[in-house]
file query28.cif (mmCIF, C-alpha atoms and all ligand atoms)
data_my_file
loop_
_atom_site.label_atom_id
_atom_site.label_comp_id
_atom_site.auth_asym_id
_atom_site.auth_seq_id
_atom_site.Cartn_x
_atom_site.Cartn_y
_atom_site.Cartn_z
CA MET O 96 -31.43 8.93 -25.89
CA ARG O 97 -29.07 11.81 -25.08
CA GLU O 98 -26.19 12.34 -27.48
CA ARG O 99 -22.61 12.81 -26.37
CA HIS O 100 -21.40 16.38 -26.95
CA HIS O 101 -18.59 17.13 -29.34
CA PHE O 102 -15.35 17.89 -27.48
CA ASP O 103 -11.72 18.65 -28.13
CA GLY O 104 -9.56 15.94 -26.48
CA GLN O 105 -6.72 18.19 -25.34
CA GLN O 106 -9.06 20.84 -23.98
CA LEU O 107 -11.02 18.20 -22.13
CA LEU O 108 -7.83 16.80 -20.65
CA ALA O 109 -6.82 20.28 -19.47
CA GLN O 110 -10.26 20.68 -17.93
CA LEU O 111 -10.00 17.27 -16.25
CA ARG O 112 -6.68 18.28 -14.72
CA GLU O 113 -8.21 21.42 -13.29
CA TRP O 114 -11.12 19.52 -11.75
CA ALA O 115 -8.74 16.88 -10.40
CA ARG O 116 -6.70 19.57 -8.65
CA ASP O 117 -9.89 21.07 -7.15
CA LEU O 118 -10.79 17.64 -5.85
CA GLY O 119 -7.46 17.19 -4.06
CA LEU O 120 -5.96 14.73 -6.55
CA SER O 121 -2.26 15.30 -7.09
CA GLN O 122 -2.09 14.35 -10.76
CA ILE O 123 -4.06 12.62 -13.47
CA ALA O 124 -3.05 11.05 -16.78
CA VAL O 125 -4.58 8.86 -19.46
CA ALA O 126 -3.65 5.32 -20.55
CA GLY O 127 -4.96 3.22 -23.39
CA VAL O 128 -6.37 -0.27 -22.92
CA ASP O 129 -3.77 -2.33 -24.75
CA LEU O 130 -1.64 -3.91 -22.00
CA ASP O 131 -0.66 -6.93 -24.07
CA THR O 132 3.02 -6.76 -23.24
CA ALA O 133 2.28 -6.75 -19.50
CA GLU O 134 0.17 -9.87 -19.71
CA GLU O 135 3.09 -12.26 -20.10
CA GLY O 136 4.89 -10.84 -17.05
CA LEU O 137 1.71 -11.14 -15.01
CA HIS O 138 1.21 -14.79 -15.91
CA ASP O 139 4.84 -15.54 -15.20
CA TRP O 140 4.62 -13.88 -11.75
CA LEU O 141 1.45 -15.82 -10.93
CA SER O 142 2.84 -19.12 -12.22
CA LYS O 143 5.81 -18.80 -9.84
CA GLY O 144 3.37 -18.45 -6.94
CA PHE O 145 4.80 -15.04 -5.95
CA HIS O 146 1.27 -13.85 -5.10
CA GLY O 147 1.12 -16.25 -2.13
CA THR O 148 -2.41 -16.75 -0.87
CA MET O 149 -3.76 -13.70 -2.68
CA HIS O 150 -5.90 -15.94 -4.86
CA TYR O 151 -7.99 -12.97 -5.95
CA MET O 152 -4.97 -11.95 -8.01
CA GLN O 153 -5.60 -14.95 -10.20
CA ARG O 154 -9.35 -14.86 -10.14
CA HIS O 155 -9.83 -12.38 -12.97
CA GLY O 156 -7.45 -14.18 -15.31
CA SER O 157 -6.54 -12.26 -18.45
CA LYS O 158 -9.11 -9.59 -17.67
CA ARG O 159 -6.60 -7.99 -15.36
CA ALA O 160 -4.43 -7.14 -18.33
CA ARG O 161 -7.39 -6.30 -20.57
CA PRO O 162 -9.35 -3.35 -19.25
CA ALA O 163 -11.88 -3.59 -22.09
CA GLU O 164 -12.76 -7.12 -20.98
CA LEU O 165 -12.96 -6.21 -17.33
CA VAL O 166 -15.32 -3.30 -18.10
CA PRO O 167 -16.76 -3.79 -21.59
CA GLY O 168 -16.75 -0.64 -23.68
CA THR O 169 -13.66 0.86 -22.00
CA VAL O 170 -11.43 2.72 -24.43
CA SER O 171 -9.41 4.93 -22.08
CA VAL O 172 -8.28 4.75 -18.49
CA ILE O 173 -7.90 7.95 -16.49
CA THR O 174 -5.17 7.27 -13.95
CA ALA O 175 -4.81 9.31 -10.78
CA ARG O 176 -2.20 9.81 -8.12
CA MET O 177 -2.91 11.08 -4.63
CA ASP O 178 0.00 11.98 -2.35
CA TYR O 179 -0.45 10.75 1.19
CA LEU O 180 2.36 12.02 3.40
CA PRO O 181 0.55 13.63 6.35
CA ARG O 182 0.31 17.44 6.26
CA ALA O 183 2.65 17.91 9.23
CA THR O 184 5.44 15.78 7.75
CA ALA O 185 8.78 17.50 8.27
CA PRO O 186 11.61 17.43 5.73
CA GLY O 187 13.89 14.49 6.45
CA TRP O 188 10.93 12.51 7.85
CA GLN O 189 12.66 9.27 6.87
CA ALA O 190 15.15 9.68 9.75
CA LEU O 191 12.30 9.57 12.26
CA GLU O 192 10.92 6.44 10.62
CA TRP O 193 14.31 4.68 10.81
CA GLN O 194 14.54 5.74 14.42
CA ARG O 195 11.19 4.10 15.14
CA LEU O 196 12.33 0.91 13.45
CA ARG O 197 15.34 0.88 15.74
CA SER O 198 13.13 1.11 18.87
CA PRO O 199 11.95 -2.48 19.44
CA GLN O 200 9.09 -1.59 21.78
CA GLN O 201 7.56 0.99 19.42
CA ALA O 202 4.75 -0.13 17.12
CA VAL O 203 5.38 0.81 13.51
CA VAL O 204 2.38 1.16 11.18
CA SER O 205 3.05 1.94 7.54
CA VAL O 206 2.82 5.70 6.92
CA TYR O 207 -0.09 5.41 4.49
CA ALA O 208 -2.30 3.62 7.02
CA ARG O 209 -2.03 6.03 9.95
CA GLY O 210 -4.97 8.18 8.89
CA ARG O 211 -8.28 7.61 7.18
CA ASP O 212 -8.88 4.66 4.84
CA TYR O 213 -7.52 5.91 1.53
CA HIS O 214 -9.86 3.70 -0.46
CA LYS O 215 -12.77 5.87 0.60
CA VAL O 216 -10.91 9.15 0.25
CA LEU O 217 -9.69 8.43 -3.25
CA ARG O 218 -12.80 6.65 -4.49
CA THR O 219 -15.09 9.55 -3.56
CA ARG O 220 -12.89 11.97 -5.44
CA LEU O 221 -12.59 9.82 -8.53
CA GLN O 222 -16.34 9.36 -8.54
CA ALA O 223 -16.82 13.12 -8.36
CA LEU O 224 -14.37 13.56 -11.24
CA ALA O 225 -16.29 11.03 -13.35
CA GLU O 226 -19.52 12.90 -12.63
CA ARG O 227 -18.04 16.23 -13.72
CA LEU O 228 -16.80 14.59 -16.88
CA ALA O 229 -20.26 13.17 -17.59
CA GLN O 230 -21.81 16.61 -17.12
CA GLN O 231 -19.39 17.98 -19.68
CA VAL O 232 -19.56 15.31 -22.39
CA GLY O 233 -23.00 13.79 -21.95
CA PRO O 234 -23.74 10.09 -21.39
CA LEU O 235 -20.63 8.36 -20.06
CA GLY O 236 -19.79 4.82 -19.08
CA ALA O 237 -17.34 5.11 -16.18
CA ARG O 238 -16.13 2.80 -13.44
CA VAL O 239 -13.82 3.74 -10.62
CA PHE O 240 -11.13 1.51 -9.09
CA THR O 241 -8.82 2.14 -6.14
CA ASP O 242 -6.19 -0.38 -5.12
CA SER O 243 -8.27 -2.99 -6.82
CA ALA O 244 -7.04 -6.51 -7.55
CA PRO O 245 -8.47 -6.86 -11.06
CA VAL O 246 -6.56 -3.80 -12.30
CA LEU O 247 -2.85 -3.60 -13.18
CA GLU O 248 -2.57 -0.28 -11.43
CA VAL O 249 1.15 0.32 -11.61
CA GLU O 250 1.23 -0.73 -15.26
CA LEU O 251 -1.49 1.77 -16.15
CA ALA O 252 0.17 4.48 -14.07
CA VAL O 253 3.52 3.90 -15.72
CA ARG O 254 2.13 3.80 -19.25
CA SER O 255 0.30 7.06 -18.70
CA GLY O 256 3.31 8.86 -17.23
CA LEU O 257 2.42 8.99 -13.52
CA GLY O 258 5.91 7.67 -12.89
CA TRP O 259 8.20 4.82 -13.78
CA ARG O 260 8.25 1.38 -12.20
CA GLY O 261 10.94 1.25 -9.56
CA LYS O 262 12.99 -1.83 -8.83
CA HIS O 263 10.73 -2.30 -5.78
CA THR O 264 7.85 -2.58 -8.32
CA LEU O 265 6.01 0.56 -7.20
CA ALA O 266 5.52 3.63 -9.36
CA LEU O 267 7.71 6.60 -8.55
CA GLN O 268 8.45 10.06 -9.85
CA ARG O 269 11.37 12.43 -9.92
CA ASP O 270 9.38 15.23 -8.35
CA GLY O 271 7.00 13.17 -6.24
CA GLY O 272 8.77 10.05 -4.99
CA SER O 273 6.49 7.08 -4.41
CA MET O 274 4.44 8.03 -1.36
CA PHE O 275 1.16 8.18 -3.25
CA PHE O 276 -1.93 6.09 -3.92
CA LEU O 277 -3.14 5.17 -7.35
CA GLY O 278 -6.68 5.01 -8.66
CA GLU O 279 -8.33 4.69 -12.07
CA ILE O 280 -11.49 5.58 -13.94
CA PHE O 281 -12.28 3.26 -16.84
CA VAL O 282 -14.25 5.28 -19.41
CA ASP O 283 -15.93 4.52 -22.72
CA LEU O 284 -14.57 7.79 -24.09
CA ALA O 285 -11.51 8.18 -26.31
CA LEU O 286 -9.20 10.63 -24.54
CA PRO O 287 -5.70 11.58 -25.71
CA GLN O 288 -3.15 9.30 -24.07
CA THR O 289 -0.41 10.92 -22.02
CA PRO O 290 3.19 9.78 -22.62
CA PRO O 291 5.11 7.51 -20.22
CA ALA O 292 7.85 8.99 -18.02
CA ALA O 293 11.50 8.03 -18.38
CA ALA O 294 12.90 5.66 -15.73
CA HIS O 295 15.53 6.92 -13.29
CA CYS O 296 16.54 3.98 -11.10
CA GLY O 297 19.83 3.69 -12.95
CA SER O 298 22.37 1.55 -11.12
CA CYS O 299 20.70 2.11 -7.72
CA SER O 300 19.64 -1.02 -5.86
CA ALA O 301 18.99 0.49 -2.43
CA CYS O 302 15.46 -0.91 -2.14
CA ILE O 303 16.63 -4.43 -2.99
CA ASP O 304 19.49 -4.25 -0.52
CA VAL O 305 17.47 -2.82 2.37
CA CYS O 306 14.49 -5.16 2.21
CA PRO O 307 14.45 -6.98 5.57
CA THR O 308 13.12 -10.23 4.08
CA GLN O 309 14.80 -10.06 0.66
CA ALA O 310 11.36 -10.04 -0.92
CA ILE O 311 12.60 -8.18 -4.00
CA VAL O 312 14.08 -11.26 -5.59
CA ALA O 313 15.33 -9.41 -8.68
CA PRO O 314 14.91 -5.87 -9.97
CA TYR O 315 11.21 -5.26 -10.67
CA ARG O 316 10.23 -8.63 -9.20
CA LEU O 317 8.58 -9.02 -5.81
CA ASP O 318 7.95 -12.31 -4.06
CA ALA O 319 4.87 -11.21 -2.13
CA ARG O 320 5.13 -14.27 0.10
CA ARG O 321 8.21 -12.73 1.73
CA CYS O 322 7.04 -9.12 1.73
CA ILE O 323 6.15 -7.74 5.17
CA SER O 324 3.30 -5.70 3.71
CA TYR O 325 1.74 -8.88 2.43
CA LEU O 326 2.54 -10.91 5.54
CA THR O 327 1.07 -8.40 7.99
CA ILE O 328 -1.95 -7.30 5.92
CA GLU O 329 -2.99 -9.80 3.28
CA HIS O 330 -1.77 -13.07 4.68
CA ASP O 331 -4.22 -15.00 6.77
CA GLY O 332 -2.88 -17.73 9.01
CA ALA O 333 0.50 -18.32 10.57
CA ILE O 334 3.55 -16.28 9.61
CA ALA O 335 6.47 -18.56 8.75
CA PRO O 336 8.71 -18.78 11.86
CA GLU O 337 11.87 -18.06 9.87
CA LEU O 338 10.40 -14.74 8.71
CA ARG O 339 9.12 -13.60 12.11
CA PRO O 340 12.43 -12.18 13.41
CA LEU O 341 12.73 -10.16 10.21
CA LEU O 342 9.45 -8.34 10.80
CA GLY O 343 11.03 -6.42 13.69
CA ASN O 344 8.42 -4.03 15.09
CA ARG O 345 6.48 -3.59 11.82
CA ILE O 346 2.90 -4.49 12.73
CA TYR O 347 1.03 -3.23 9.67
CA GLY O 348 2.81 -2.89 6.35
CA CYS O 349 6.40 -1.94 5.68
CA ASP O 350 7.93 1.18 4.17
CA ASP O 351 11.62 0.28 4.13
CA CYS O 352 12.05 0.05 0.36
CA GLN O 353 10.43 3.47 0.05
CA LEU O 354 12.23 5.04 3.00
CA VAL O 355 15.56 4.24 1.44
CA CYS O 356 14.66 5.38 -2.07
CA PRO O 357 16.55 8.56 -2.90
CA TRP O 358 13.61 9.93 -4.87
CA ASN O 359 11.45 10.10 -1.77
CA LYS O 360 13.18 13.25 -0.66
CA TYR O 361 10.85 14.75 -3.24
CA ALA O 362 7.74 12.97 -1.92
CA ARG O 363 4.90 15.43 -1.53
CA VAL O 364 2.81 16.19 1.50
CA SER O 365 -0.95 15.73 1.14
CA SER O 366 -3.19 18.77 1.13
CA LEU O 367 -5.94 16.75 2.84
CA SER O 368 -6.54 16.30 6.55
CA ASP O 369 -7.70 12.72 5.90
CA PHE O 370 -4.16 11.37 6.11
CA ASP O 371 -3.25 13.11 9.35
CA PRO O 372 -2.19 10.30 11.66
CA ARG O 373 -4.41 9.14 14.50
CA PRO O 374 -2.37 9.48 17.70
CA ALA O 375 -2.98 5.81 18.60
CA LEU O 376 -1.37 4.69 15.34
CA ASP O 377 1.55 7.08 15.40
CA GLY O 378 4.06 6.62 18.17
CA ALA O 379 2.21 4.05 20.28
CA THR O 380 4.10 1.25 21.97
CA LEU O 381 3.46 -2.40 21.14
CA LEU O 382 2.13 -2.94 24.64
CA GLN O 383 -0.38 -0.10 24.34
CA LEU O 384 -1.82 -1.67 21.19
CA TRP O 385 -1.65 -5.18 22.62
CA ALA O 386 -3.96 -4.01 25.40
CA TRP O 387 -6.82 -3.33 22.93
CA ASP O 388 -9.56 -5.91 23.10
CA GLU O 389 -11.63 -6.49 19.99
CA ALA O 390 -14.18 -3.79 20.86
CA GLU O 391 -11.42 -1.22 21.32
CA PHE O 392 -9.69 -2.35 18.12
CA LEU O 393 -12.92 -1.81 16.19
CA ARG O 394 -13.54 1.55 17.79
CA ARG O 395 -10.01 2.85 17.28
CA THR O 396 -9.77 1.67 13.69
CA GLU O 397 -13.17 2.90 12.55
CA GLY O 398 -12.72 4.49 9.10
CA SER O 399 -9.12 3.19 8.90
CA ALA O 400 -7.77 0.63 6.42
CA ILE O 401 -6.37 -1.32 9.37
CA ARG O 402 -9.85 -2.44 10.39
CA ARG O 403 -9.95 -4.72 7.34
CA ILE O 404 -7.37 -7.12 8.77
CA GLY O 405 -9.47 -7.85 11.87
CA HIS O 406 -8.44 -8.18 15.49
CA VAL O 407 -6.90 -11.67 15.22
CA ARG O 408 -4.40 -10.76 12.51
CA TRP O 409 -3.66 -7.51 14.33
CA GLN O 410 -2.81 -9.41 17.48
CA ARG O 411 -0.83 -12.00 15.55
CA ASN O 412 1.34 -9.21 14.17
CA LEU O 413 1.73 -7.63 17.59
CA ALA O 414 2.69 -10.97 19.13
CA VAL O 415 5.48 -11.36 16.57
CA ALA O 416 6.72 -7.82 17.24
CA LEU O 417 6.57 -8.35 21.00
CA GLY O 418 8.61 -11.53 20.56
CA ASN O 419 11.17 -9.55 18.62
CA ALA O 420 11.23 -6.92 21.38
CA LEU O 421 11.81 -9.65 23.96
CA ARG O 422 14.70 -11.02 21.96
CA SER O 423 16.37 -7.62 21.92
CA ALA O 424 15.97 -7.17 25.69
CA PRO O 425 14.13 -9.11 28.40
CA ASP O 426 11.09 -7.25 29.68
CA ALA O 427 8.90 -8.56 32.49
CA GLU O 428 5.94 -6.38 31.53
CA ILE O 429 5.87 -7.69 27.95
CA GLU O 430 6.24 -11.23 29.17
CA ARG O 431 3.36 -10.79 31.62
CA ALA O 432 1.14 -9.21 28.98
CA LEU O 433 1.79 -12.04 26.53
CA ARG O 434 1.13 -14.74 29.12
CA ALA O 435 -2.07 -13.02 30.25
CA ARG O 436 -3.55 -13.41 26.75
CA LEU O 437 -2.61 -17.08 26.32
CA GLY O 438 -5.69 -18.50 28.02
CA SER O 439 -8.21 -16.68 25.82
CA ALA O 440 -6.25 -16.83 22.55
CA GLY O 441 -7.37 -19.01 19.65
CA GLU O 442 -4.99 -21.55 18.17
CA LEU O 443 -3.29 -19.20 15.70
CA LEU O 444 -2.65 -16.44 18.21
CA ALA O 445 -1.62 -18.85 20.96
CA GLU O 446 1.05 -20.32 18.70
CA HIS O 447 2.43 -16.84 17.92
CA ILE O 448 2.40 -15.95 21.63
CA ASP O 449 4.30 -19.16 22.42
CA TRP O 450 6.82 -18.24 19.76
CA ALA O 451 7.13 -14.73 21.18
CA LEU O 452 7.79 -16.06 24.68
CA SER O 453 10.35 -18.49 23.31
CA GLN O 454 12.38 -15.54 22.03
CA ILE O 455 13.44 -14.58 25.55
CA LYS O 456 16.16 -17.17 25.48
CA THR O 457 16.99 -16.93 21.80
CA ALA O 458 20.34 -15.33 21.29
CA LEU O 459 19.69 -14.35 17.68
CA PRO O 460 21.03 -11.03 16.53
CA VAL O 461 18.36 -8.33 16.23
CA PRO O 462 17.62 -7.84 12.54
CA PRO O 463 19.00 -4.51 11.44
CA ALA O 464 16.61 -1.56 11.27
CA THR O 465 18.85 -0.88 8.40
CA ALA O 466 20.02 1.85 6.19
CA ALA O 467 19.94 5.54 6.30
CA GLY O 468 19.13 7.92 9.09
S1 LIG U 501 7.57 -3.47 1.70
FE1 LIG U 501 9.25 -4.09 3.06
S2 LIG U 501 9.29 -6.32 2.91
FE2 LIG U 501 8.07 -5.58 1.18
S3 LIG U 501 9.54 -5.36 -0.50
FE3 LIG U 501 9.49 -3.39 0.52
S4 LIG U 501 11.12 -3.48 2.03
FE4 LIG U 501 10.71 -5.56 1.40
S1 LIG U 502 15.64 2.69 -4.24
FE1 LIG U 502 16.80 2.96 -6.13
S2 LIG U 502 16.35 1.14 -7.34
FE2 LIG U 502 14.81 1.25 -5.74
S3 LIG U 502 13.08 2.33 -6.66
FE3 LIG U 502 14.35 3.87 -5.64
S4 LIG U 502 15.76 4.61 -7.23
FE4 LIG U 502 14.87 2.68 -7.97
#

call {"tool": "encode", "arguments": {"input": "query28.cif", "output": "C-alpha cells", "more": "lines below"}}
Ligand code: SF4
Ligand code: SF4
result
Amino acid sequence: MRERHHFDGQQLLAQLREWARDLGLSQIAVAGVDLDTAEEGLHDWLSKGFHGTMHYMQRHGSKRARPAELVPGTVSVITARMDYLPRATAPGWQALEWQRLRSPQQAVVSVYARGRDYHKVLRTRLQALAERLAQQVGPLGARVFTDSAPVLEVELAVRSGLGWRGKHTLALQRDGGSMFFLGEIFVDLALPQTPPAAAHCGSCSACIDVCPTQAIVAPYRLDARRCISYLTIEHDGAIAPELRPLLGNRIYGCDDCQLVCPWNKYARVSSLSDFDPRPALDGATLLQLWAWDEAEFLRRTEGSAIRRIGHVRWQRNLAVALGNALRSAPDAEIERALRARLGSAGELLAEHIDWALSQIKTALPVPPATAAG
C-alpha cells in the first residue's frame, strides 16, 4: 500500500490556493468537521416545517451536521467559492435587474441560472483540485459536493471564512458580495483550518424588508415555503394562490434579497465563459418562453440548471407570471396564448392558467418591484 507523503500544512494550503486559482475557483478555505452548534438550529428549522416539501433536507438526519458521519474518515472540509456574475456584467447591474422586475411582460430568471449548469462547472473543478491534492500527498479519501442537500454548505463556508451568514441566510463577503456558488471537498487529511470572517450586516435589514413574500421571517431565518426560489424551483405542485401575485414576473428563482444587499456592489464577475447568459434566458418576454413546447424547452435548456425543473413546472411558473402581467394591464395576445394552452394542459397547469385568466378582472395592486434602482 502506498504511504501518504509528509507535508507542511500551511505550504500545502498555499499550494491548494494556487491550484484553485488556476482552476477558476475564486477562493478556497478549510473547515473542521465539528458542527455541533449548528445541529440544534438545523433541527429547529426542520421541526418548524420551514423546509416545505424538500423532504431530502430531513433525509440525512444528523449526518448533515456531522461531515465525518456523512463521509466516514473525513477530518477536514475544503470549502470553495466560485463567483458567477456573467463576464459582461456592468457596474450598477442591479439597476437593470430592478428595471426588469418592473416590466411585467419580461421573464426574469435568477442571474445564476442564465448560463451553464453550475453544478457541473464547479464539480469538475473541485474534482480536479482533489486529484492534484492526491498527486501531491499520496493516497487520499476525497468526496466532492456542490449545492448538495446533505451538506450544511453555508455553515461550512462561514466557519472557514468564505464569508459571514447574512440576514438572508446566504454567505456574503465584504469584497465579494454574495453572488457566488459554494462547493466542498471532504478529505481524510488534516489541513490547517482557516479562521471565520467577521460579520458586517450591522443594523441593516434591507433583505428582510425587500423580500416580496416576507420569507425571511426573522434575521437569519428563512421560511422556504414562502421563498420564491423554493416555490419556482423546488416546489412541485400548485403554488398557493395568495403567493402567486407576489411572484411578479420571476419565473425561475429570485434575487431580490441579494440585489438590495449593499455588499453586492463588490460582487465579482466570473472569469469563466460558462456563466455567460443564453440569449433566450436573458431578456426574453414571458410570451416567447410560453411558446416553447416540451421539445423546445429541453433543447433550449440543455446543460442548464433550469432543465431540472421540467417543462410542467416551467409552464406553471410562466402561467403565474402571465397572470400577474394581465393584472397589471389587459393584453389580448397573452389572453389568447393562455387560452390556447388550456385544452392540452394537465390538471396542475390548467388550474394555474385559469387563475392567470381570472386576474384580468382583479383590481389588486401590482406587487412592488421594490427597492433600489
Ligand atoms: S430569494 Fe426572494 S423570496 Fe426568497 S428570501 Fe430572497 S427575496 Fe425573499
Ligand atoms: S441586505 Fe443587509 S442585512 Fe441583508 S445580508 Fe445584506 S447587509 Fe446583511

call {"tool": "residues_near_point", "arguments": {"input": "query28.cif", "point": "(-7.0, 1.5, -21.9)", "cutoff": "8 Å", "atoms": "all atoms listed in the file", "output": "PyMOL selection string"}}
result
chain O and resi 126-130+161-163+169-172+251+281

call {"tool": "closest_residue", "arguments": {"input": "query28.cif", "among": "O:Arg182, O:Lys262, O:His101, O:Arg159", "to": "ligand LIG 501 (chain U)", "atoms": "all atoms listed in the file"}}
result
O:Lys262

call {"tool": "residues_around", "arguments": {"input": "query28.cif", "residues": "range 139-147 of chain O", "least_positions_apart": "2", "cutoff": "7 Å", "atoms": "all atoms listed in the file", "output": "MDAnalysis selection string"}}
result
chainID O and resid 135:137 149 318:320

call {"tool": "write_last_selection", "arguments": {"input": "query28.cif", "atoms": "C-alpha atoms", "output": "mmCIF file, in the frame of the given file"}}
result
data_model
loop_
_atom_site.group_PDB
_atom_site.id
_atom_site.type_symbol
_atom_site.label_atom_id
_atom_site.label_comp_id
_atom_site.auth_asym_id
_atom_site.auth_seq_id
_atom_site.Cartn_x
_atom_site.Cartn_y
_atom_site.Cartn_z
ATOM 1 C CA GLU O 135 3.090 -12.260 -20.100
ATOM 2 C CA GLY O 136 4.890 -10.840 -17.050
ATOM 3 C CA LEU O 137 1.710 -11.140 -15.010
ATOM 4 C CA MET O 149 -3.760 -13.700 -2.680
ATOM 5 C CA ASP O 318 7.950 -12.310 -4.060
ATOM 6 C CA ALA O 319 4.870 -11.210 -2.130
ATOM 7 C CA ARG O 320 5.130 -14.270 0.100
#

call {"tool": "closest_atom_pairs", "arguments": {"input": "query28.cif", "of": "chain O", "to": "ligand LIG 502 (chain U)", "cutoff": "10 Å", "atoms": "only C-alpha atoms and all ligand atoms", "output": "JSON lines"}}
result
{"residue": "O:Trp259", "atom": "CA", "partner": "U:LIG502", "partner_atom": "S3", "distance": 9.0}
{"residue": "O:Arg260", "atom": "CA", "partner": "U:LIG502", "partner_atom": "S3", "distance": 7.4}
{"residue": "O:Gly261", "atom": "CA", "partner": "U:LIG502", "partner_atom": "S3", "distance": 3.8}
{"residue": "O:Lys262", "atom": "CA", "partner": "U:LIG502", "partner_atom": "S3", "distance": 4.7}
{"residue": "O:His263", "atom": "CA", "partner": "U:LIG502", "partner_atom": "S3", "distance": 5.3}
{"residue": "O:Thr264", "atom": "CA", "partner": "U:LIG502", "partner_atom": "S3", "distance": 7.4}
{"residue": "O:Leu265", "atom": "CA", "partner": "U:LIG502", "partner_atom": "S3", "distance": 7.3}
{"residue": "O:Ala266", "atom": "CA", "partner": "U:LIG502", "partner_atom": "S3", "distance": 8.1}
{"residue": "O:Leu267", "atom": "CA", "partner": "U:LIG502", "partner_atom": "S3", "distance": 7.1}
{"residue": "O:Gln268", "atom": "CA", "partner": "U:LIG502", "partner_atom": "S4", "distance": 9.5}
{"residue": "O:Arg269", "atom": "CA", "partner": "U:LIG502", "partner_atom": "S4", "distance": 9.4}
{"residue": "O:Gly272", "atom": "CA", "partner": "U:LIG502", "partner_atom": "FE3", "distance": 8.4}
{"residue": "O:Ser273", "atom": "CA", "partner": "U:LIG502", "partner_atom": "S3", "distance": 8.4}
{"residue": "O:Ala294", "atom": "CA", "partner": "U:LIG502", "partner_atom": "FE4", "distance": 8.5}
{"residue": "O:His295", "atom": "CA", "partner": "U:LIG502", "partner_atom": "S4", "distance": 6.5}
{"residue": "O:Cys296", "atom": "CA", "partner": "U:LIG502", "partner_atom": "FE4", "distance": 3.8}
{"residue": "O:Gly297", "atom": "CA", "partner": "U:LIG502", "partner_atom": "S2", "distance": 7.1}
{"residue": "O:Ser298", "atom": "CA", "partner": "U:LIG502", "partner_atom": "S2", "distance": 7.1}
{"residue": "O:Cys299", "atom": "CA", "partner": "U:LIG502", "partner_atom": "FE1", "distance": 4.3}
{"residue": "O:Ser300", "atom": "CA", "partner": "U:LIG502", "partner_atom": "S2", "distance": 4.2}
{"residue": "O:Ala301", "atom": "CA", "partner": "U:LIG502", "partner_atom": "S1", "distance": 4.4}
{"residue": "O:Cys302", "atom": "CA", "partner": "U:LIG502", "partner_atom": "S1", "distance": 4.2}
{"residue": "O:Ile303", "atom": "CA", "partner": "U:LIG502", "partner_atom": "FE2", "distance": 6.6}
{"residue": "O:Asp304", "atom": "CA", "partner": "U:LIG502", "partner_atom": "S1", "distance": 8.8}
{"residue": "O:Val305", "atom": "CA", "partner": "U:LIG502", "partner_atom": "S1", "distance": 8.8}
{"residue": "O:Ile311", "atom": "CA", "partner": "U:LIG502", "partner_atom": "FE2", "distance": 9.8}
{"residue": "O:Pro314", "atom": "CA", "partner": "U:LIG502", "partner_atom": "S2", "distance": 7.6}
{"residue": "O:Tyr315", "atom": "CA", "partner": "U:LIG502", "partner_atom": "S3", "distance": 8.8}
{"residue": "O:Asp351", "atom": "CA", "partner": "U:LIG502", "partner_atom": "S1", "distance": 9.6}
{"residue": "O:Cys352", "atom": "CA", "partner": "U:LIG502", "partner_atom": "S1", "distance": 6.4}
{"residue": "O:Gln353", "atom": "CA", "partner": "U:LIG502", "partner_atom": "S1", "distance": 6.8}
{"residue": "O:Leu354", "atom": "CA", "partner": "U:LIG502", "partner_atom": "S1", "distance": 8.3}
{"residue": "O:Val355", "atom": "CA", "partner": "U:LIG502", "partner_atom": "S1", "distance": 5.9}
{"residue": "O:Cys356", "atom": "CA", "partner": "U:LIG502", "partner_atom": "S1", "distance": 3.6}
{"residue": "O:Pro357", "atom": "CA", "partner": "U:LIG502", "partner_atom": "FE3", "distance": 5.9}
{"residue": "O:Trp358", "atom": "CA", "partner": "U:LIG502", "partner_atom": "FE3", "distance": 6.2}
{"residue": "O:Asn359", "atom": "CA", "partner": "U:LIG502", "partner_atom": "FE3", "distance": 7.9}

call {"tool": "residues_near_ligand", "arguments": {"input": "query28.cif", "ligand": "ligand LIG 501 (chain U)", "cutoff": "6 Å", "atoms": "all atoms listed in the file", "output": "JSON, numbers by chain"}}
result
{"O": [306, 307, 308, 310, 311, 322, 323, 324, 349, 350, 351, 352]}

call {"tool": "residues_around", "arguments": {"input": "query28.cif", "residues": "Arg431 in chain O", "least_positions_apart": "5", "cutoff": "10 Å", "atoms": "all atoms listed in the file", "output": "MDAnalysis selection string"}}
result
chainID O and resid 426 436 452

call {"tool": "closest_residue", "arguments": {"input": "query28.cif", "among": "O:Ile404, O:Ala362, O:Leu111, O:Ala202", "to": "Ala185 in chain O", "atoms": "all atoms listed in the file"}}
result
O:Ala362

call {"tool": "closest_residue", "arguments": {"input": "query28.cif", "among": "O:Gln201, O:Arg434, O:Pro287, O:Gln231", "to": "Leu382 in chain O", "atoms": "all atoms listed in the file"}}
result
O:Gln201
